[in-house]
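**Q** If you scroll down you'll find the structure; I have some questions about it.
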2 protein chains.
Amino acid sequence: MKTADPELMRAINRFHVLDTIRRFGAISRVEIGERTVLSATTVSAITASLLDDGLISTRHEGDLRNSGNRGRPRVMLTLNPEAARVVGAKIASNRLVFCVTNFQGDVLASLTLPVRVDRLPVEVIADLVEDGVRRCVMDAGLALNEIKTVALSLPGIIEHGTGRVRSSAIFRDPNVSLKEAIHKRLDIDTIVESDANAITMAEHWFGRGRDCDDFVLVAIEESLGLGVLHGGQLFRGARELSLTLGDMIMGSDPEHAIKLSELASERAILDGDHGDSRVRDAIRLGQGMGRVRGLIEEGDNELRIAAARAGSALGIAIANLVALFAPPRVILVGSTLALGDYLLDSLRIAFAKAIPEPLKNVAQIVIDEVSDELWARGAAAVALGELYGSPWGTTGPARRSTAIEFSEK
Amino acid sequence: MKTADPELMRAINRFHVLDTIRRFGAISRVEIGERTVLSATTVSAITASLLDDGLISTRHEGDLRNSGNRGRPRVMLTLNPEAARVVGAKIASNRLVFCVTNFQGDVLASLTLPVRVDRLPVEVIADLVEDGVRRCVMDAGLALNEIKTVALSLPGIIEHGTGRVRSSAIFRDPNVSLKEAIHKRLDIDTIVESDANAITMAEHWFGRGRDCDDFVLVAIEESLGLGVLHGGQLFRGARELSLTLGDMIMGSDPEHAIKLSELASERAILDGDHGDSRVRDAIRLGQGMGRVRGLIEEGDNELRIAAARAGSALGIAIANLVALFAPPRVILVGSTLALGDYLLDSLRIAFAKAIPEPLKNVAQIVIDEVSDELWARGAAAVALGELYGSPWGTTGPARRSTAIEFSEK
DNA sequence: CGCACTTAATTCGCGTCGCGTTGTAATTGC
DNA sequence: GCAATTACAACGCGACGCGAATTAAGTGCG
């Protein structure tokens, strides 16, 4: 546990103020005080420091004045967009998506490279990522040394602190130190994060989780990702490992153990139907599920059943998550949602059946179809979050691992 | 989020010091400073305040001196056992277990009432609990007004803040306000907690989780409980709901959705074999699983298979938990463990099969057979933890609940 | 145009916290 | 009995947050 000293206190309040400015945009000091429950004095002191550091800037609203408002007008404060720039990236098996954002997360430039990196050697992928970052930064009219942090997100199990990729569909080998590989190439602070955590942050900052500090997010793409926001912070396991959903075993019999990813991943839905070259091509381009939907509408019953089966499995898995985390909200994202009701109908039914009665009204389920860019933007948000100086030790080395052992009594 | 002020800072450090004294018993100020990474000055100030409040006491060790130690001897500090007394209780379907502990969690008296409360009206159960508390307090040679808090633990989904029991095998009705019912009778601060959380605290304070601030506990009794310790604190859902495991659906097909509790609860194991009156009686007495083990050893193949099936399901469920929480340790407790290897062999095999490769070395699994008293003691520990003034808002009202709804885009 | 009124933001003084330094207490070794 | 050693308390410093008082920057009305 962290020891509490004035420095920590200040860090907490400073972050709190900065986060409030981010969330509510142009906001006056008084209102910050109201929202953070800090005294006007403290807010003034902290904002003064933030202004001094160039992280925020003032805006005197000459015109847009609330009519009938008397007294000294409020000075609005906003994030200083120029304070920093970061790059966020989404690494998926068949594409790389980059975006450059300013300090408040506005996208300055974005870039999609439709390349299949799936199973390529680490060095090759790192080269591609380096290239994409450089190009995207150039597109934004910036130089590389104007970038504070680059945050990469990818599916799999990622150790946040060390930036090691324990396992991922992207890499053939386990335990890839992606952070190191990228840092070596770009010489910029690098963060590696699970793609599910990235999109979780994106939803929290820009999307359907803006008003909510506690939710669970399920990302349904080629891999099945899980992100948990708890008290406004990403929930990380004790070892700072990202969470996974695809490895959830659906079934009670170990002989027929079947993973959720074998039922609900895109590959699982397509299984048995990749003879169709149109589908193959669509998958290459990352449009697989849209194409599948088309085929279903044309009457492909096999795919329809596969989609329904995936939906059912997901509905059950989500019910399990609700039972475990009791979140007020569950957000569903991911390319597989392009299947629409062919997936969601069965998902809803399965969820409603599986959710235990007393938890029926606990979680609100939200379906959000998002762009690839938002994922990359989420990665950028992760980077910005750390720049904001989150005081809750999201950084730091992962703790040592203990070997598994069964011990009695 | 809480606003950080000097008061919070002090509360954190004070709790930290107090917790250190609890964990390491007789400990000197210097050593507290080393362990908490607080300065000697601060430790002195805080311990002075704690001494002033009578929460700790000094102990000059005249004899037991580390040989060769020169200089002024350290003054050892211990919790003042007299500082407070609490009652912890475990409410199970066929028994009530009470214990009175002092401020450091030592059991002063314990009492088991082998009554079946299962499905009795709330008022009747509350009467029984009242009776048990009064008797146990008397057994400890105390008066009721010397008790600071009474903490009840029971299976099911419990809203910690409000003390409402959303659902439980104990009560016929949902949404029982047990806290209120008990508080009305005893006029003592009352806490209602899930039994899994109670035993989780017990393991953390007194058992196999002493050295570990992050672990997951699975309680395998009539109900299947789940406790998650995260950063030394019980992990509670956003609504302060306790977590459940029995409701986990094992299977991907909603038509044949089967809950873990239907595979691995004691009732599930016994299903089809309750014709045997010896078993029936043993269950009444809470010895069901010991009896089942005997029957298996006598050659009852049906029960053997049921036990193995339960173990398999549990192994898979635990693997799922590891994938979700990535805890360094998983502790298994509960009366069903009396089945021994008839349960555990298949559990181990299923776990090993189900755990994804990259997580293989993440979690250490510990099996701990504990007494009923420890559960009650764990409830007492929950109460003591709040008395210690944990600053992380474990108290406070549950937030409002939002109705479920599906919404698109 | 000037003056009261209103509201925002800053300044000032107070109390508290944690920390480093200094001083004191309690013991051992010789 | 005296130096050496170690534990602890006392004092002062700087930082923080807060409440009250003060200054700043407008509006409204005579």
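Identifiers in this document derive from the order of the structure tokens: chains are assigned A, B, ..., residues are numbered from 1 separately in each chain, and ligands are numbered from 1 in order of occurrence.
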Residues of chain D within 10 Å of chain B, counting only C-alpha atoms (C1' of nucleotides) - could you list those as a list in words?
**A**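 Here is what falls inside 10 Å: DA4, DT5, DT6, DA7, DC8, DA9, DC16, DG17 and DC18 of chain D.
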**Q** Find the residues of chain A that sit at most 7 Å from chain B; for each, write down the nearest two atoms and how far apart they are in Å, to one decimal. Count only C-alpha atoms. Sort by chain, then by number going up, and give it as JSON lines.
**A**
```
{"residue": "A:Thr3", "atom": "CA", "partner": "B:Asn13", "partner_atom": "CA", "distance": 6.7}
{"residue": "A:Ala4", "atom": "CA", "partner": "B:Met9", "partner_atom": "CA", "distance": 5.4}
{"residue": "A:Asp5", "atom": "CA", "partner": "B:Met9", "partner_atom": "CA", "distance": 6.6}
{"residue": "A:Met9", "atom": "CA", "partner": "B:Ala4", "partner_atom": "CA", "distance": 5.4}
{"residue": "A:Ile12", "atom": "CA", "partner": "B:Ala4", "partner_atom": "CA", "distance": 6.5}
{"residue": "A:Asn13", "atom": "CA", "partner": "B:Ala4", "partner_atom": "CA", "distance": 6.2}
{"residue": "A:Val37", "atom": "CA", "partner": "B:Thr3", "partner_atom": "CA", "distance": 6.8}
{"residue": "A:Leu38", "atom": "CA", "partner": "B:Thr3", "partner_atom": "CA", "distance": 6.9}
{"residue": "A:Arg166", "atom": "CA", "partner": "B:Pro358", "partner_atom": "CA", "distance": 6.2}
{"residue": "A:Ser167", "atom": "CA", "partner": "B:Pro358", "partner_atom": "CA", "distance": 6.2}
{"residue": "A:Asp214", "atom": "CA", "partner": "B:Ala238", "partner_atom": "CA", "distance": 6.1}
{"residue": "A:Gly237", "atom": "CA", "partner": "B:Phe325", "partner_atom": "CA", "distance": 5.2}
{"residue": "A:Ala238", "atom": "CA", "partner": "B:Pro327", "partner_atom": "CA", "distance": 5.7}
{"residue": "A:Leu241", "atom": "CA", "partner": "B:Ala326", "partner_atom": "CA", "distance": 6.7}
{"residue": "A:Leu243", "atom": "CA", "partner": "B:Leu324", "partner_atom": "CA", "distance": 5.3}
{"residue": "A:Thr244", "atom": "CA", "partner": "B:Leu324", "partner_atom": "CA", "distance": 6.0}
{"residue": "A:Leu245", "atom": "CA", "partner": "B:Leu324", "partner_atom": "CA", "distance": 7.0}
{"residue": "A:Asp247", "atom": "CA", "partner": "B:Pro356", "partner_atom": "CA", "distance": 6.6}
{"residue": "A:Met248", "atom": "CA", "partner": "B:Asn320", "partner_atom": "CA", "distance": 5.2}
{"residue": "A:Ile249", "atom": "CA", "partner": "B:Asn320", "partner_atom": "CA", "distance": 6.5}
{"residue": "A:Met250", "atom": "CA", "partner": "B:Gly251", "partner_atom": "CA", "distance": 4.5}
{"residue": "A:Gly251", "atom": "CA", "partner": "B:Gly251", "partner_atom": "CA", "distance": 3.9}
{"residue": "A:Ser252", "atom": "CA", "partner": "B:Ala313", "partner_atom": "CA", "distance": 4.6}
{"residue": "A:Asp253", "atom": "CA", "partner": "B:Ser312", "partner_atom": "CA", "distance": 6.5}
{"residue": "A:Pro254", "atom": "CA", "partner": "B:Ala350", "partner_atom": "CA", "distance": 5.3}
{"residue": "A:Ser312", "atom": "CA", "partner": "B:Pro254", "partner_atom": "CA", "distance": 6.4}
{"residue": "A:Ala313", "atom": "CA", "partner": "B:Ser252", "partner_atom": "CA", "distance": 4.6}
{"residue": "A:Ile316", "atom": "CA", "partner": "B:Ile249", "partner_atom": "CA", "distance": 6.6}
{"residue": "A:Asn320", "atom": "CA", "partner": "B:Met248", "partner_atom": "CA", "distance": 5.2}
{"residue": "A:Ala323", "atom": "CA", "partner": "B:Thr244", "partner_atom": "CA", "distance": 6.0}
{"residue": "A:Leu324", "atom": "CA", "partner": "B:Leu243", "partner_atom": "CA", "distance": 5.3}
{"residue": "A:Phe325", "atom": "CA", "partner": "B:Gly237", "partner_atom": "CA", "distance": 5.2}
{"residue": "A:Ala326", "atom": "CA", "partner": "B:Gly237", "partner_atom": "CA", "distance": 5.2}
{"residue": "A:Pro327", "atom": "CA", "partner": "B:Ala238", "partner_atom": "CA", "distance": 5.7}
{"residue": "A:Pro328", "atom": "CA", "partner": "B:Ala238", "partner_atom": "CA", "distance": 6.9}
{"residue": "A:Ala350", "atom": "CA", "partner": "B:Pro254", "partner_atom": "CA", "distance": 5.3}
{"residue": "A:Lys353", "atom": "CA", "partner": "B:Pro254", "partner_atom": "CA", "distance": 6.9}
{"residue": "A:Ala354", "atom": "CA", "partner": "B:Ile249", "partner_atom": "CA", "distance": 6.8}
{"residue": "A:Pro356", "atom": "CA", "partner": "B:Asp247", "partner_atom": "CA", "distance": 6.6}
{"residue": "A:Pro358", "atom": "CA", "partner": "B:Arg166", "partner_atom": "CA", "distance": 6.2}
{"residue": "A:Asn361", "atom": "CA", "partner": "B:Ile404", "partner_atom": "CA", "distance": 5.1}
{"residue": "A:Val362", "atom": "CA", "partner": "B:Ser401", "partner_atom": "CA", "distance": 6.5}
{"residue": "A:Ala363", "atom": "CA", "partner": "B:Ile404", "partner_atom": "CA", "distance": 5.7}
{"residue": "A:Gln364", "atom": "CA", "partner": "B:Ile404", "partner_atom": "CA", "distance": 4.3}
{"residue": "A:Ile365", "atom": "CA", "partner": "B:Phe406", "partner_atom": "CA", "distance": 5.3}
{"residue": "A:Val366", "atom": "CA", "partner": "B:Ser407", "partner_atom": "CA", "distance": 5.4}
{"residue": "A:Ile367", "atom": "CA", "partner": "B:Glu408", "partner_atom": "CA", "distance": 5.1}
{"residue": "A:Asp368", "atom": "CA", "partner": "B:Lys409", "partner_atom": "CA", "distance": 4.8}
{"residue": "A:Glu369", "atom": "CA", "partner": "B:Lys409", "partner_atom": "CA", "distance": 6.1}
{"residue": "A:Ser401", "atom": "CA", "partner": "B:Val362", "partner_atom": "CA", "distance": 6.4}
{"residue": "A:Thr402", "atom": "CA", "partner": "B:Val362", "partner_atom": "CA", "distance": 6.6}
{"residue": "A:Ala403", "atom": "CA", "partner": "B:Asn361", "partner_atom": "CA", "distance": 5.2}
{"residue": "A:Ile404", "atom": "CA", "partner": "B:Gln364", "partner_atom": "CA", "distance": 4.3}
{"residue": "A:Glu405", "atom": "CA", "partner": "B:Gln364", "partner_atom": "CA", "distance": 5.4}
{"residue": "A:Phe406", "atom": "CA", "partner": "B:Ile365", "partner_atom": "CA", "distance": 5.4}
{"residue": "A:Ser407", "atom": "CA", "partner": "B:Val366", "partner_atom": "CA", "distance": 5.4}
{"residue": "A:Glu408", "atom": "CA", "partner": "B:Ile367", "partner_atom": "CA", "distance": 5.1}
{"residue": "A:Lys409", "atom": "CA", "partner": "B:Asp368", "partner_atom": "CA", "distance": 4.8}
```
**Q** Report the residues of stretch 85-165 of chain A whose backbone DSSP state falls under helix (DSSP H, G or I), written as number ranges by chain.
**A** A: 122-139, 144-146
**Q** As a list in words, could you give me every residue of chain C near chain B (at most 8 Å apart, counting only C-alpha atoms (C1' of nucleotides))?
**A** DT16, DC17, DG18, DC19, DA25, DA26, DT27 and DT28 of chain C
